[in-house]
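Colleague: Dumping the structure here so I can ask a few things about it.
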Amino acid sequence: MFSKKPNSQICWKGNPLDKRMHIRQFQQLIAQKYEQRDRKRGIPATFMWFMEEVGELSSALAAEDEHNRAEEFADVLAWLCTLANISDIDLEEACAKYTENKDVGFK
């Protein structure tokens, strides 16, 4: 589990071998590392970087390269978190529509 230190840094407080985290924790980690630069870049340019990563994921899926797939999935998730951060969206809250037994499904 992560917690914020007084200087706004996020630190790991769980078992060091357990690297699982909630979506919000990952989003906060990405914000801590990149948000200032990402906000300066802006949403349109950041979206283009995100789409580039989606394209790289597409190539990895087509090539059936399992190691590269994992890396590209992680990159897409990180860039999605970046877009959410600079759009002031909490992804964990946004995903609640899939976890709270609401009758909202994929379109």
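Note on naming: chains are A, B, ... as they come in the structure tokens, residues start from 1 per chain, ligands start from 1 in the order shown.
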Determine, counting only C-alpha atoms, which protein, DNA and RNA residues have an atom within 10 Å of an atom of segment 70-72 of chain A; residues of the same chain fewer than 5 positions away are not included. Present the result as an MDAnalysis selection string.

Modeller: chainID A and resid 53:61 65 77:78

Colleague: Give me a file of those residues, with C-alpha atoms, as a compact mmCIF listing (two decimals), in the first residue's frame.

Modeller:
# COMPACT_ATOMS: atom_id res chain seq x y z
CA GLU A 53 1.59 3.66 -27.18
CA VAL A 54 -1.72 2.06 -28.24
CA GLY A 55 -0.17 1.56 -31.68
CA GLU A 56 2.90 -0.06 -30.12
CA LEU A 57 0.61 -2.35 -28.12
CA SER A 58 -1.20 -3.27 -31.33
CA SER A 59 2.10 -4.23 -32.94
CA ALA A 60 3.13 -6.28 -29.90
CA LEU A 61 -0.19 -8.14 -29.95
CA ASP A 65 5.80 -11.15 -28.30
CA LEU A 77 -1.95 2.15 -18.65
CA ALA A 78 0.64 4.73 -17.57

Colleague: In Å to one decimal, how far is atom CA of Trp79 of chain A from atom CA of Leu29 of chain A?

Modeller: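 Interatomic distance here is 12.1 Å.
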
Colleague: Mind giving me the straight-line distance from atom CA of Ile89 of chain A to atom CA of Lys19 of chain A in Å, one decimal?

Modeller: 23.7 Å

Colleague: Need to verify the contact set: Asp90 of chain A, 12 Å, only C-alpha atoms, exclusion of same-chain residues closer than 3 positions in sequence. Can you return it as a list in words?

Modeller: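 The filter keeps His22, Ile23, Arg24, Gln25, Phe26, Gln27, Gln28, Ala31, Leu80, Cys81, Thr82, Leu83, Ala84, Asn85, Ile86, Ser87, Glu93, Ala94, Cys95 and Ala96 of chain A.
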
Colleague: Just the number, please: distance in Å from atom CA of Arg41 of chain A to atom CA of Asp88 of chain A, one decimal.

Modeller: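 According to the coordinates, atom CA of Arg41 of chain A and atom CA of Asp88 of chain A are separated by 14.9 Å.
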
Colleague: Considering only C-alpha atoms, state which residue in the set A:Ala63, A:Ile43, A:Leu91, A:Ile30 is at the smallest distance from Asp75 of chain A.

Modeller: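 Smallest separation from Asp75 of chain A among the options: A:Ile30.
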